[in-house]
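Okay, structure first, notes after.
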Amino acid sequence: LCLQSQIKKVDSLIQVLSKHKKEDTSKVILLNELSDLYAVIDIYKTLYYAEEAKTLSEKLGYTRGTANSYLNYGMYHWKTADYKNSLLKIDSSLLLFEQLNDKKGISAGYRIKGNVYSNLGNYSIGIDFQSQSQAISEKISDYKGIAACLNNIGILYYELEDYETAKKYYFESMDVRKNLMKDGDLSYTYNNIALIHERQNNFDSAHVYYDKCIG
């Protein structure tokens with residue numbers, strides 16, 4: 001369901017982009033949004049649109065656009081397991097976001113860094129970055145960001161085999177996401193809760209949450 005939602009958003013943005021003839025900051029925003037959305041559909045298109053956004057941003061002197069394109073580069077390298085370059089690109093984006101005092105951008109950078117360190121097996125560092133991201137998201141009332149951090153911290157505790165703590169964070173993420181309108185990411189949290197129940201041999205409970213994923 002979440003993937004279908006992403007595909008619909010991508011199709012809609014591609015139509016908007018095809019009609020947008022000006023080489024301006026609005027086009028940069030569209031390119032970066034497409035780059036971000038493609039991360040769960042076609043990661044190589046994430047790279048393509050990040051490159052397009054960066055080129056146009058630098059031509060326009062649009063710092064926020066450049067920062068977001070670096071963030072999307074970081075996403076691409078994370079998804080393709082090039083963790084060194086992922087961290088380098090995220091740090092480049094964070095430097096620009098800090099110059100702009102863009103709290104949402106900084107929070108997103110910390111969140112992706114947390115994911116990178118999670119994949120590297122450095123779970124304590126991963127939790128620290130997710131917690132920093134969550135704190136910033138709370139200050140700016142970015143509830144989607146808060147929910148993502150809570151879910152990511154749950155994943156880290158799952159990897160540490162601390163299932164009760166993982167469930168605690170998943171349920172907190174679920175509660176936030178339930179209050180967001182049309183948040184397709186809720187299905188991810190349901191799936192993660194189901195995985196814990198499955199790991200603990202609570203198969204009936206696992207089926208309940210798997211059903212919620214598709215319901």
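Residues in the structure tokens are named by chain (A, B, ... in the order shown) and by number from 1 within that chain; ligands are numbered from 1 in the order shown.
Every protein or nucleic acid residue with an atom no more than 10 Å from Ala147 (chain A), counting only C-alpha atoms and leaving out same-chain residues fewer than 2 positions away, appears here: Gln134, Ser137, Asp142, Tyr143, Lys144, Gly145, Cys149, Leu150, Asn151, Asn152, Ile153, Tyr169, Tyr170, Phe171, Glu172, Ser173, Met174, Asp175, Val176, Arg177, Lys178, Leu180, Asp185, Leu186 and Thr189 of chain A.
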Alpha helix (DSSP H) per DSSP on the backbone: members of region 4-182 of chain A, as a PyMOL selection string: chain A and resi 4-19+25-37+43-60+63-79+83-100+103-119+123-139+143-159+163-178
Selection near Ser57 (chain A), 10 Å with only C-alpha atoms, sequence-local residues under 5 positions removed, as a ChimeraX atom specification: /A:23-25,27-29,51-52,62-69
Return as CSV the residues of region 21-122 of chain A lying at most 10 Å from region 156-159 of chain A, together with the closest atom-to-atom pair for each and the distance in Å to one decimal, counting only C-alpha atoms, with rows in chain order and ascending residue number.
```
residue,atom,partner,partner_atom,distance
A:Gly114,CA,A:Leu156,CA,9.4
A:Asn115,CA,A:Leu156,CA,8.9
A:Tyr117,CA,A:Leu156,CA,9.9
A:Ser118,CA,A:Leu156,CA,6.7
A:Asn119,CA,A:Leu156,CA,9.5
A:Gly121,CA,A:Glu159,CA,8.8
A:Asn122,CA,A:Leu156,CA,9.5
```
Pairwise distance for CA of Trp78 (chain A) and CA of Ile90 (chain A), rounded to one decimal in Å: 9.9 Å
